[in-house]
$ cat structure_38.tsv   # TSV, C-alpha atoms
chain	number	residue	atom	x	y	z
D	1	MET	CA	54.74	32.14	-54.62
D	2	ASN	CA	58.34	32.28	-53.48
D	3	ASP	CA	57.85	32.48	-49.71
D	4	ASN	CA	60.34	30.68	-47.48
D	5	ARG	CA	57.92	30.69	-44.56
D	6	LEU	CA	55.48	28.59	-46.57
D	7	LEU	CA	58.16	26.17	-47.70
D	8	ASP	CA	59.43	25.87	-44.13
D	9	ALA	CA	55.91	25.07	-42.91
D	10	VAL	CA	55.48	22.43	-45.64
D	11	ASP	CA	58.89	20.92	-44.84
D	12	ALA	CA	58.02	20.70	-41.13
D	13	LEU	CA	55.06	18.45	-41.97
D	14	THR	CA	56.46	16.43	-44.86
D	15	LYS	CA	60.15	15.77	-44.25
D	16	PRO	CA	61.57	13.07	-41.97
D	17	THR	CA	63.54	14.34	-39.00
D	18	VAL	CA	66.66	12.95	-37.37
D	19	ASP	CA	67.46	12.99	-33.65
D	20	HIS	CA	70.95	12.21	-32.38
D	21	VAL	CA	70.54	9.96	-29.35
D	22	LYS	CA	73.36	9.39	-26.90
D	23	GLN	CA	73.92	5.78	-25.86
D	24	THR	CA	75.38	5.15	-22.42
D	25	ALA	CA	76.43	2.11	-20.41
D	26	ASP	CA	74.60	1.10	-17.22
D	27	ASP	CA	77.06	3.16	-15.20
D	28	GLY	CA	76.36	6.24	-17.31
D	29	THR	CA	79.54	6.06	-19.36
D	30	TYR	CA	79.10	7.57	-22.80
D	31	ILE	CA	79.33	5.00	-25.62
D	32	ARG	CA	78.34	6.78	-28.80
D	33	THR	CA	75.74	8.99	-30.48
D	34	VAL	CA	73.47	7.35	-33.03
D	35	PRO	CA	71.09	9.00	-35.51
D	36	VAL	CA	67.42	8.03	-35.20
D	37	GLU	CA	65.16	8.97	-38.11
D	38	HIS	CA	61.48	9.73	-37.56
D	39	PRO	CA	58.85	9.75	-40.34
D	40	ALA	CA	57.27	13.00	-41.48
D	41	LEU	CA	54.80	14.45	-38.97
D	42	LEU	CA	51.81	13.85	-41.24
D	43	GLN	CA	52.81	10.20	-41.53
D	44	GLN	CA	53.29	9.93	-37.77
D	45	LEU	CA	49.73	11.19	-37.29
D	46	ALA	CA	48.41	8.52	-39.67
D	47	ASP	CA	50.45	5.87	-37.85
D	48	ALA	CA	49.06	7.03	-34.49
D	49	VAL	CA	45.45	6.20	-35.38
D	50	VAL	CA	45.86	2.58	-34.24
D	51	PRO	CA	48.71	2.61	-31.71
D	52	SER	CA	50.98	-0.43	-31.63
D	53	ALA	CA	52.65	-1.97	-28.62
D	54	GLY	CA	55.73	0.12	-29.29
D	55	HIS	CA	53.95	3.45	-29.24
D	56	ASP	CA	53.50	3.67	-25.48
D	57	GLY	CA	57.12	3.77	-24.42
D	58	GLY	CA	57.87	0.09	-24.96
D	59	SER	CA	56.06	-1.34	-21.95
D	60	LYS	CA	55.09	-4.92	-22.75
D	61	SER	CA	52.88	-5.05	-19.67
D	62	ALA	CA	50.50	-2.39	-20.99
D	63	SER	CA	47.07	-3.91	-21.47
D	64	ALA	CA	45.91	-4.77	-24.98
D	65	ARG	CA	42.80	-2.74	-24.26
D	66	GLU	CA	44.89	0.38	-23.74
D	67	ARG	CA	47.33	-0.27	-26.61
D	68	ASN	CA	45.00	-1.28	-29.42
D	69	VAL	CA	42.01	1.04	-29.07
D	70	ILE	CA	41.62	3.25	-32.13
D	71	ASP	CA	42.96	6.67	-31.19
D	72	SER	CA	39.82	8.66	-31.86
D	73	ASP	CA	41.52	12.04	-31.47
D	74	ALA	CA	44.22	11.09	-33.99
D	75	LEU	CA	41.61	9.73	-36.40
D	76	TRP	CA	39.51	12.89	-36.01
D	77	GLU	CA	42.46	15.20	-36.66
D	78	LEU	CA	43.68	13.04	-39.55
D	79	THR	CA	40.23	13.08	-41.16
D	80	LYS	CA	40.00	16.88	-40.87
D	81	ILE	CA	43.47	17.40	-42.36
D	82	GLN	CA	42.72	14.95	-45.19
D	83	ALA	CA	39.50	16.80	-45.99
D	84	GLU	CA	41.12	20.25	-45.87
D	85	LEU	CA	44.09	19.25	-48.01
D	86	ARG	CA	41.77	17.55	-50.50
D	87	ASP	CA	39.82	20.80	-50.77
D	88	TRP	CA	43.05	22.73	-51.41
D	89	MET	CA	43.86	20.28	-54.20
D	90	ARG	CA	40.39	20.25	-55.79
D	91	TYR	CA	41.80	21.69	-59.04
D	92	ASN	CA	44.53	19.07	-59.13
D	93	LEU	CA	42.65	16.23	-57.46
D	94	ALA	CA	44.54	13.45	-59.25
D	95	ALA	CA	47.61	14.43	-57.24
D	96	PHE	CA	45.84	13.92	-53.90
D	97	ASP	CA	46.44	10.64	-52.09
D	98	ARG	CA	44.88	10.40	-48.64
D	99	LYS	CA	47.27	7.55	-47.80
D	100	ASP	CA	50.28	9.73	-48.61
D	101	LEU	CA	49.61	13.10	-47.02
D	102	PRO	CA	53.28	14.18	-46.99
D	103	GLY	CA	53.54	13.56	-50.74
D	104	SER	CA	50.16	15.18	-51.39
D	105	LEU	CA	51.09	18.35	-49.51
D	106	ARG	CA	54.38	18.65	-51.38
D	107	ARG	CA	52.59	18.15	-54.70
D	108	TRP	CA	50.12	20.87	-53.68
D	109	TYR	CA	53.02	23.22	-52.92
D	110	VAL	CA	54.70	22.58	-56.28
D	111	HIS	CA	51.41	23.00	-58.18
D	112	ALA	CA	50.58	26.21	-56.29
D	113	ASN	CA	53.98	27.67	-57.14
D	114	VAL	CA	53.55	26.92	-60.84
D	115	SER	CA	49.88	27.92	-61.13
D	116	HIS	CA	49.82	30.91	-58.78
D	117	PRO	CA	53.29	32.48	-58.60
D	118	ASP	CA	51.88	35.85	-57.49
D	119	THR	CA	49.40	34.68	-54.87
D	120	ASN	CA	47.96	37.23	-52.42
D	121	PRO	CA	50.34	37.60	-49.44
D	122	ASP	CA	47.38	37.55	-47.04
D	123	TRP	CA	46.39	34.13	-48.38
D	124	ILE	CA	49.95	32.85	-48.00
D	125	GLU	CA	49.97	34.14	-44.43
D	126	TRP	CA	46.74	32.25	-43.71
D	127	VAL	CA	48.11	29.01	-45.21
D	128	VAL	CA	51.32	29.28	-43.17
D	129	ARG	CA	49.29	29.75	-39.97
D	130	GLU	CA	47.10	26.76	-40.88
D	131	LEU	CA	50.08	24.49	-41.59
D	132	ARG	CA	51.73	25.54	-38.35
D	133	ARG	CA	48.45	24.78	-36.56
D	134	TRP	CA	48.54	21.26	-38.05
D	135	GLU	CA	52.10	20.93	-36.81
D	136	ARG	CA	51.16	21.94	-33.24
D	137	ILE	CA	48.19	19.55	-33.23
D	138	ILE	CA	50.33	16.62	-34.36
D	139	LEU	CA	53.18	17.33	-31.95
D	140	ASN	CA	50.70	17.51	-29.09
D	141	LYS	CA	49.05	14.28	-30.27
D	142	LEU	CA	52.39	12.47	-30.42
D	143	ASP	CA	53.20	13.25	-26.79
D	144	ARG	CA	53.86	9.71	-25.50
D	145	THR	CA	53.12	10.65	-21.89
D	146	VAL	CA	49.43	10.86	-22.84
D	147	LYS	CA	47.57	7.54	-22.50
D	148	GLN	CA	44.13	6.69	-23.88
D	149	LEU	CA	41.59	3.94	-23.30
D	150	GLU	CA	38.01	3.18	-24.25
D	151	THR	CA	35.48	3.27	-21.42
D	152	GLY	CA	32.88	1.16	-23.22
D	153	HIS	CA	30.15	3.72	-22.45
D	154	LEU	CA	27.97	5.58	-24.94
D	155	CYS	CA	27.90	9.35	-24.76
D	156	PRO	CA	24.94	10.47	-22.59
D	157	LEU	CA	24.34	13.40	-24.96
D	158	CYS	CA	24.35	11.95	-28.48
D	159	LYS	CA	23.76	8.29	-27.45
D	160	THR	CA	25.14	7.14	-30.81
D	161	ALA	CA	27.15	3.92	-31.14
D	162	GLU	CA	28.86	4.68	-34.47
D	163	TRP	CA	30.04	7.48	-36.72
D	164	ILE	CA	30.89	7.45	-40.42
D	165	ASP	CA	34.30	8.69	-41.54
D	166	GLN	CA	34.99	10.39	-44.89
D	167	ASP	CA	35.60	7.00	-46.55
D	168	GLY	CA	32.16	5.76	-45.53
D	169	ALA	CA	33.59	3.35	-42.97
D	170	ARG	CA	31.76	2.88	-39.68
D	171	GLN	CA	33.82	3.78	-36.63
D	172	PRO	CA	32.89	3.01	-33.01
D	173	ALA	CA	31.55	5.88	-30.95
D	174	ARG	CA	32.29	5.52	-27.26
D	175	LEU	CA	33.53	7.71	-24.46
D	176	ILE	CA	37.34	7.75	-24.47
D	177	LEU	CA	39.39	8.52	-21.36
D	178	SER	CA	42.78	10.15	-21.84
D	179	TYR	CA	45.30	11.21	-19.23
D	180	ARG	CA	48.95	12.17	-18.85
D	181	LYS	CA	51.21	9.84	-16.87
D	182	ASP	CA	54.62	11.03	-15.69
D	183	GLU	CA	57.74	8.98	-14.94
D	184	ASP	CA	56.67	8.54	-11.30
D	185	GLY	CA	53.29	7.13	-12.30
D	186	ARG	CA	51.32	10.24	-11.34
D	187	THR	CA	48.38	11.10	-13.58
D	188	SER	CA	47.10	14.50	-14.63
D	189	GLU	CA	45.11	16.24	-17.37
D	190	GLU	CA	42.35	13.64	-17.20
D	191	ARG	CA	39.79	14.08	-19.97
D	192	VAL	CA	36.83	12.15	-21.38
D	193	VAL	CA	35.63	12.83	-24.93
D	194	CYS	CA	32.92	11.34	-27.15
D	195	GLN	CA	34.28	9.80	-30.35
D	196	ARG	CA	31.29	11.08	-32.33
D	197	CYS	CA	30.02	14.44	-31.09
D	198	ARG	CA	33.40	15.43	-29.54
D	199	THR	CA	31.81	16.65	-26.30
D	200	GLY	CA	34.50	16.71	-23.62
D	201	TRP	CA	34.63	16.50	-19.83
D	202	ASP	CA	37.88	18.24	-18.88
D	203	SER	CA	38.29	17.98	-15.12
D	204	VAL	CA	38.21	15.32	-12.42
D	205	ALA	CA	35.02	16.85	-11.01
D	206	ALA	CA	33.33	16.82	-14.42
D	207	ILE	CA	34.40	13.20	-15.00
D	208	GLU	CA	33.07	12.17	-11.58
D	209	GLU	CA	29.76	13.86	-12.36
D	210	LEU	CA	29.70	12.07	-15.72
D	211	GLY	CA	30.31	8.75	-13.96
D	212	GLU	CA	27.36	9.36	-11.65
D	213	GLU	CA	25.18	10.23	-14.64
D	214	LEU	CA	26.21	7.05	-16.48
D	215	THR	CA	25.58	4.93	-13.38
D	216	GLU	CA	22.11	6.43	-12.98
D	217	TYR	CA	21.37	5.93	-16.69
D	218	GLU	CA	22.37	2.27	-16.49
D	219	ARG	CA	20.26	1.81	-13.36
D	220	MET	CA	17.21	3.31	-15.08
D	221	SER	CA	17.79	1.16	-18.18
D	222	ALA	CA	18.11	-2.10	-16.25

$ encode --input "structure_38.tsv" --output "C-alpha cells"
Amino acid sequence: MNDNRLLDAVDALTKPTVDHVKQTADDGTYIRTVPVEHPALLQQLADAVVPSAGHDGGSKSASARERNVIDSDALWELTKIQAELRDWMRYNLAAFDRKDLPGSLRRWYVHANVSHPDTNPDWIEWVVRELRRWERIILNKLDRTVKQLETGHLCPLCKTAEWIDQDGARQPARLILSYRKDEDGRTSEERVVCQRCRTGWDSVAAIEELGEELTEYERMSA
C-alpha cells in the first residue's frame, strides 16, 4: 500500500507542526522569528474537549462559565473518530489506544502496509478522503474565534439531561450556544445545538424562536 497521498493524510493528523512567529517591539520593529510547535491535530482535538483559560486567546477576563464548559462538539467529533479508528484496527486491537490517537493511527498505517500491501485503490481513495475530512473538521473546530457556552436549558425535542459516551461515562446534555467573535467584538454565525440529539438552530431567527419556545415551556412547567 505504497501511496504517498495516504501517508500525507496520516502525517497531517499525527505529526506536530511548527509555525515561525515574528516577534516585534511595541513600535513594530522586528526583533526575531521564533519557532512555535503545535501538537498533532488529533491531539489538539482531544485537548479541546475541556478548554483551558489559554485556549480562548489568552483573555483572563473570560468567564469561567465560558472557558470551562465541556466542548460538546469537540467531544462528539473525538468520540466518532475514536470509534471509527477502533473499527479500522479491529484486527490489531491491541495497538489501539484511545488516549493516543496520533500513535494509534500511525500504528494502523504501518500494520495496513505490512498486512495489505496490494490494497484496492478505491479503498485507499476512500480512506484518504476520510482522513482529510477529519483534518477539516479538526481545523474548523480549532478556530479560536469561535466561542461556546452552556445555556443551562434542556433540548425541547429530546428533553434528556444526559448522554452516555463510548466509555460508559455520563455526559451532560444541554443546549450549547456557539458564535464567532471578531477582533472588533462583533458576533456572527450564532448557533445552538443539543449535546445529545445534535439538533441545531442555525440562525438568529431560529434561536429567537427557540428562546420563545423555552420561555413558554418554563411558564407551563411552573

$ residues_around --input "structure_38.tsv" --residues "Val110 of chain D" --least-positions-apart "5" --cutoff "10 Å" --atoms "all atoms listed in the file" --output "mmCIF file with C-alpha atoms, keeping the file's coordinate frame"
data_model
loop_
_atom_site.group_PDB
_atom_site.id
_atom_site.type_symbol
_atom_site.label_atom_id
_atom_site.label_comp_id
_atom_site.auth_asym_id
_atom_site.auth_seq_id
_atom_site.Cartn_x
_atom_site.Cartn_y
_atom_site.Cartn_z
ATOM 1 C CA MET D 1 54.740 32.140 -54.620
ATOM 2 C CA LEU D 7 58.160 26.170 -47.700
ATOM 3 C CA SER D 104 50.160 15.180 -51.390
ATOM 4 C CA LEU D 105 51.090 18.350 -49.510
ATOM 5 C CA SER D 115 49.880 27.920 -61.130
ATOM 6 C CA HIS D 116 49.820 30.910 -58.780
#

$ closest_residue --input "structure_38.tsv" --among "D:Ser221, D:Gln82, D:Ser178, D:Thr17" --to "Trp134 of chain D" --atoms "only C-alpha atoms"
D:Gln82

$ axis_aligned_box --input "structure_38.tsv" --around "segment 116-133 of chain D" --padding-each-side "5 Å" --output "JSON"
{"center_x": 49.8, "center_y": 31.0, "center_z": -47.7, "size_x": 16.9, "size_y": 23.1, "size_z": 32.2}

$ residues_around --input "structure_38.tsv" --residues "Gly200 of chain D" --least-positions-apart "5" --cutoff "10 Å" --atoms "all atoms listed in the file" --output "number ranges by chain"
D: 155, 175-177, 191-195, 206-207

$ write_last_selection --input "structure_38.tsv" --atoms "C-alpha atoms" --output "PDB file, in the coordinates of the input"
ATOM      1  CA  CYS D 155      27.900   9.350 -24.760  1.00  0.00           C
ATOM      2  CA  LEU D 175      33.530   7.710 -24.460  1.00  0.00           C
ATOM      3  CA  ILE D 176      37.340   7.750 -24.470  1.00  0.00           C
ATOM      4  CA  LEU D 177      39.390   8.520 -21.360  1.00  0.00           C
ATOM      5  CA  ARG D 191      39.790  14.080 -19.970  1.00  0.00           C
ATOM      6  CA  VAL D 192      36.830  12.150 -21.380  1.00  0.00           C
ATOM      7  CA  VAL D 193      35.630  12.830 -24.930  1.00  0.00           C
ATOM      8  CA  CYS D 194      32.920  11.340 -27.150  1.00  0.00           C
ATOM      9  CA  GLN D 195      34.280   9.800 -30.350  1.00  0.00           C
ATOM     10  CA  ALA D 206      33.330  16.820 -14.420  1.00  0.00           C
ATOM     11  CA  ILE D 207      34.400  13.200 -15.000  1.00  0.00           C
TER      12      ILE D 207
END

$ residues_around --input "structure_38.tsv" --residues "Pro172 of chain D" --least-positions-apart "3" --cutoff "7 Å" --atoms "only C-alpha atoms" --output "PyMOL selection string"
chain D and resi 161-163

$ atom_distance --input "structure_38.tsv" --atom1 "atom CA of Val204 of chain D" --atom2 "atom CA of Cys158 of chain D"
21.5 Å
